[in-house]
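Inspection log for the structure reproduced underneath, given as structure tokens.
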Amino acid sequence: MKAARLGAIVAALVLAALVAVLIVSDGDGDVGARSPLLGQPAPAVSTTTIDDQPFALARRKGSWVVLNFFNSTCVPCIAEHPSLVEFARGESSRVDGVELYTVVNDDADDAVRDFFTSNGGDWPKLRDADGAIAVAFGVAKVPETWIIDPNGFVRLRIIGQLASGVLESQMTRLRETSES
Amino acid sequence: MSETTAQRRVPRRAAWLVIIVAAAALLVFGTVREGGPLTQQDRIDAVTKRIACPTCDGESVYVSRASAAESIRAEVARQVGDGVRTDDEIVAYVAERFGGQVLLVPRATGLDAVVWILPPLFTAVLLGALWLAFRRWRAPSVATATRRPLLVALALVVVVGVGGGVLVARQSGQRLPLETLTGGIEDSTASLLAQARLASGTDVASAIELYDRVLVTDPDNVEAITYRAWLVMLSARQFDDDLQRQAYGASVAAFGRALELEPSYVDALCFLGIVVFRDGGDAESSREFLTRCLAGAPPAEVKGLVESLLGEVEAALG
């Protein structure tokens, strides 16, 4: 009898603890998505732009780098493009401005060129012909945006369409964190 | 208990013992055996069958034709072709990027290990329960006579069940990213370079040591060659002329080697321009190197250095 009562009390306590955890947990309300790469050195990326210029991520040290995984037929990519153009414009006036790169995901060079000609955006577009960069970052669907700090460490991952002003606010936060 | 019954039990127990020993031996053999050699395509197929397509429901990368699956398949093929990572390490690489949910075979550690341990445990418990039931059915008095054999049997069942489960898990479960035997060579180099970059502003000696470690595994790493030479030259400036001359010769040679390995690596050109002017006093050559450096879009931190120096070089040339 005593054992049964003890068992019931233990079960009630476990249930109460579970409910408390669920109430206290703030879930994934943050803009940034989880990734084992966060806080780790960025994967080695070596490729060419669609204009055949060589690109190596390791050589962008000293600058904040934003990689935006993109496909010209993906609706969220098209929808977020104006906010990227706005972001790039704002950063170009800064001394420590971000280097923004589009990583072309499963798309043809000409289609990407046409898209940028029509919609603006003069930053470099990187080829990822066999998806090596996407796999290195664990990108399964586009769009996805990654921020890498001047020391080459991954600082933020944003899955899905960028809302207007999100990159600006995240960069302000990251710059403040790295300065303090 | 009659003598004949006791005599009959001895060979039966021996038979059970043989069965248990044989089963344990098979499990141990299965755990430690090495698979035979496979072709590269066999390896690619085997690895991709163990990875779930991250954008599909219930399909492996092996069968899926989704874009993400194609990319993973290409990466697996590349890594198998490189021959650096084992199959487990390639699966771990993908799982590290896309998360544990892409593992079609659960891990053998943490909560996932329960998947492997429970079936053998339940099997052992079931067999034990059946054995006890038959024993009671045949000789009801034995069950009530002593409890000790019952406890021993229960303990044995649990030990065999958990032990079997652990052996099965070790044999079948995925290896976690950090459980690789050798570590990822590419990641290690990237990590060392990142640490070196971080240390170069505050602890030059540690940064040089980190670049040295990169060069041990990757002697042709142009970044390590270039930045090591640059830091050595900076350090040598605190010492006497003789040492500076030695460092100057070694640094210029290192920048030259980096450019030979990768002619488009502008960082080496930039540092060459700086060193040739600051330590070699050759403004003419320096101007050429610095101009080519700026044309090649150097990293921001190097660009700042070069831009400030170019004015001095121009002034020196009049």
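Lettering and numbering for the structure tokens are positional, with chains as A, B, ... in the shown order, residues counted from 1 in each chain, and ligands counted from 1 in the shown order.
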Per-residue DSSP, region 261-315 of chain B, filtered to alpha helix (DSSP H), as number ranges by chain
B: 261, 266-278, 283-295, 300-315
Just C-alpha atoms for this one: save the residues we selected as a short mmCIF file (atom, residue, chain, number, x, y, z; two decimals), in the first residue's frame.
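Final output, saved to selection-v7.cif:
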data_model
loop_
_atom_site.label_atom_id
_atom_site.label_comp_id
_atom_site.auth_asym_id
_atom_site.auth_seq_id
_atom_site.Cartn_x
_atom_site.Cartn_y
_atom_site.Cartn_z
CA LEU B 261 51.37 26.89 -55.65
CA VAL B 266 46.86 37.73 -53.50
CA ASP B 267 47.61 37.67 -49.75
CA ALA B 268 51.12 36.43 -50.56
CA LEU B 269 51.54 39.22 -53.12
CA CYS B 270 50.38 41.81 -50.59
CA PHE B 271 52.76 40.62 -47.86
CA LEU B 272 55.56 40.34 -50.41
CA GLY B 273 55.00 43.98 -51.35
CA ILE B 274 55.04 45.08 -47.72
CA VAL B 275 58.12 43.07 -46.75
CA VAL B 276 60.09 44.02 -49.87
CA PHE B 277 59.58 47.69 -49.02
CA ARG B 278 59.77 47.67 -45.22
CA ALA B 283 60.16 50.52 -53.44
CA GLU B 284 60.01 49.77 -57.16
CA SER B 285 59.23 46.06 -56.74
CA SER B 286 57.00 46.81 -53.77
CA ARG B 287 54.80 49.13 -55.83
CA GLU B 288 54.30 46.47 -58.46
CA PHE B 289 53.39 43.80 -55.90
CA LEU B 290 51.08 46.11 -53.94
CA THR B 291 49.26 47.29 -57.06
CA ARG B 292 48.69 43.70 -58.19
CA CYS B 293 47.59 42.86 -54.65
CA LEU B 294 44.90 45.56 -54.61
CA ALA B 295 43.68 44.50 -58.04
CA ALA B 300 39.78 43.50 -45.68
CA GLU B 301 42.49 43.44 -43.01
CA VAL B 302 45.29 43.08 -45.59
CA LYS B 303 43.74 45.65 -47.89
CA GLY B 304 43.88 48.30 -45.16
CA LEU B 305 47.58 47.64 -44.57
CA VAL B 306 48.41 47.78 -48.26
CA GLU B 307 46.45 50.93 -48.98
CA SER B 308 48.20 52.80 -46.18
CA LEU B 309 51.63 51.59 -47.31
CA LEU B 310 51.16 52.31 -51.00
CA GLY B 311 51.16 56.05 -50.25
CA GLU B 312 54.53 55.72 -48.53
CA VAL B 313 55.93 53.69 -51.41
CA GLU B 314 54.79 56.28 -53.95
CA ALA B 315 56.36 59.04 -51.84
#
Find the residues around Val112 (chain A) up to 12 Å (only C-alpha atoms counted), leave out those fewer than 2 positions away in its own chain, and share them as a compact mmCIF listing (two decimals) with C-alpha atoms, in the first residue's frame.
# COMPACT_ATOMS: atom_id res chain seq x y z
CA THR A 49 31.73 32.94 -59.28
CA ILE A 50 29.39 32.72 -62.25
CA ASP A 51 31.78 35.25 -63.83
CA PHE A 70 19.53 30.89 -53.60
CA ASN A 71 17.66 29.53 -56.59
CA SER A 72 16.06 31.82 -59.15
CA THR A 73 12.86 29.74 -59.31
CA CYS A 74 12.32 29.51 -55.56
CA CYS A 77 14.18 33.52 -52.60
CA ILE A 78 12.42 35.90 -54.99
CA THR A 102 24.85 34.40 -53.26
CA VAL A 103 25.44 30.65 -53.39
CA VAL A 104 23.64 29.35 -56.45
CA ASN A 105 21.78 26.16 -55.60
CA ASP A 106 20.86 23.81 -58.45
CA ASP A 107 20.39 26.58 -61.02
CA ALA A 108 21.89 27.67 -64.33
CA ASP A 109 24.34 30.58 -64.54
CA ASP A 110 22.26 32.33 -67.21
CA ASP A 114 18.92 37.20 -65.81
CA PHE A 115 17.35 37.27 -62.37
CA PHE A 116 19.92 39.70 -60.98
CA THR A 117 19.77 41.88 -64.07
CA SER A 118 16.01 42.20 -63.62
CA ASN A 119 15.92 42.47 -59.83
CA GLY A 120 19.19 44.17 -58.92
CA GLY A 121 22.07 43.05 -56.72
CA ASP A 122 25.67 43.38 -57.88
CA PRO A 124 29.21 38.01 -56.41
CA LYS A 125 27.27 34.82 -57.15
CA LEU A 126 29.07 31.61 -56.30
CA ARG A 127 28.71 28.38 -58.21
With only C-alpha atoms considered, list every residue of chain A at most 12 Å from chain B, as a PyMOL selection string.
chain A and resi 34-45+53-65+71+95-99+105-107+128-142+148-154
CA of Ser46 (chain A) and CA of Leu84 (chain A), how far apart in Å?
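CA of Ser46 (chain A) lies 23.1 Å from CA of Leu84 (chain A).
A straight line drawn from CA of Arg213 (chain B) to CA of Ser178 (chain A) is 27.1 Å long.
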What does the distance between CA of Ile44 (chain B) and CA of Ala77 (chain B) come to in Å, to one decimal place?
5.8 Å
Can you check which residues of region 18-158 of chain B DSSP gives as strand (DSSP E or B) on the backbone and send them as JSON, numbers by chain?
{"B": [51, 52, 60, 103, 107]}
What would the file look like if the residues just selected were written as a PDB file, in the first residue's frame with all heavy atoms?
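Below you can see again07.pdb, which holds the result:
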ATOM      1  N   ILE B  51      21.709   6.986 -45.217  1.00  0.00           N
ATOM      2  CA  ILE B  51      21.370   8.399 -44.979  1.00  0.00           C
ATOM      3  C   ILE B  51      19.996   8.706 -45.556  1.00  0.00           C
ATOM      4  O   ILE B  51      19.698   8.357 -46.707  1.00  0.00           O
ATOM      5  CB  ILE B  51      22.422   9.319 -45.641  1.00  0.00           C
ATOM      6  CG1 ILE B  51      23.824   8.994 -45.111  1.00  0.00           C
ATOM      7  CG2 ILE B  51      22.097  10.788 -45.384  1.00  0.00           C
ATOM      8  CD1 ILE B  51      24.940   9.650 -45.896  1.00  0.00           C
ATOM      9  N   ALA B  52      19.165   9.351 -44.749  1.00  0.00           N
ATOM     10  CA  ALA B  52      17.824   9.737 -45.215  1.00  0.00           C
ATOM     11  C   ALA B  52      17.910  11.031 -46.007  1.00  0.00           C
ATOM     12  O   ALA B  52      18.684  11.932 -45.663  1.00  0.00           O
ATOM     13  CB  ALA B  52      16.901   9.920 -44.028  1.00  0.00           C
ATOM     14  N   SER B  60      15.689   7.089 -48.717  1.00  0.00           N
ATOM     15  CA  SER B  60      17.120   7.246 -48.467  1.00  0.00           C
ATOM     16  C   SER B  60      17.722   8.104 -49.583  1.00  0.00           C
ATOM     17  O   SER B  60      17.121   8.264 -50.655  1.00  0.00           O
ATOM     18  CB  SER B  60      17.801   5.886 -48.429  1.00  0.00           C
ATOM     19  OG  SER B  60      17.830   5.342 -49.725  1.00  0.00           O
ATOM     20  N   LEU B 103      19.975  10.085 -40.104  1.00  0.00           N
ATOM     21  CA  LEU B 103      20.543   8.744 -39.919  1.00  0.00           C
ATOM     22  C   LEU B 103      19.424   7.709 -39.995  1.00  0.00           C
ATOM     23  O   LEU B 103      18.524   7.709 -39.174  1.00  0.00           O
ATOM     24  CB  LEU B 103      21.238   8.647 -38.558  1.00  0.00           C
ATOM     25  CG  LEU B 103      22.447   9.554 -38.344  1.00  0.00           C
ATOM     26  CD1 LEU B 103      22.947   9.419 -36.919  1.00  0.00           C
ATOM     27  CD2 LEU B 103      23.544   9.205 -39.321  1.00  0.00           C
ATOM     28  N   ARG B 107      21.846   5.808 -33.850  1.00  0.00           N
ATOM     29  CA  ARG B 107      23.151   5.788 -33.188  1.00  0.00           C
ATOM     30  C   ARG B 107      23.171   4.751 -32.078  1.00  0.00           C
ATOM     31  O   ARG B 107      22.126   4.335 -31.590  1.00  0.00           O
ATOM     32  CB  ARG B 107      23.449   7.153 -32.584  1.00  0.00           C
ATOM     33  CG  ARG B 107      23.675   8.217 -33.616  1.00  0.00           C
ATOM     34  CD  ARG B 107      23.575   9.574 -32.979  1.00  0.00           C
ATOM     35  NE  ARG B 107      24.004  10.596 -33.910  1.00  0.00           N
ATOM     36  CZ  ARG B 107      23.640  11.860 -33.832  1.00  0.00           C
ATOM     37  NH1 ARG B 107      22.847  12.269 -32.868  1.00  0.00           N
ATOM     38  NH2 ARG B 107      24.068  12.740 -34.706  1.00  0.00           N
TER      39      ARG B 107
END
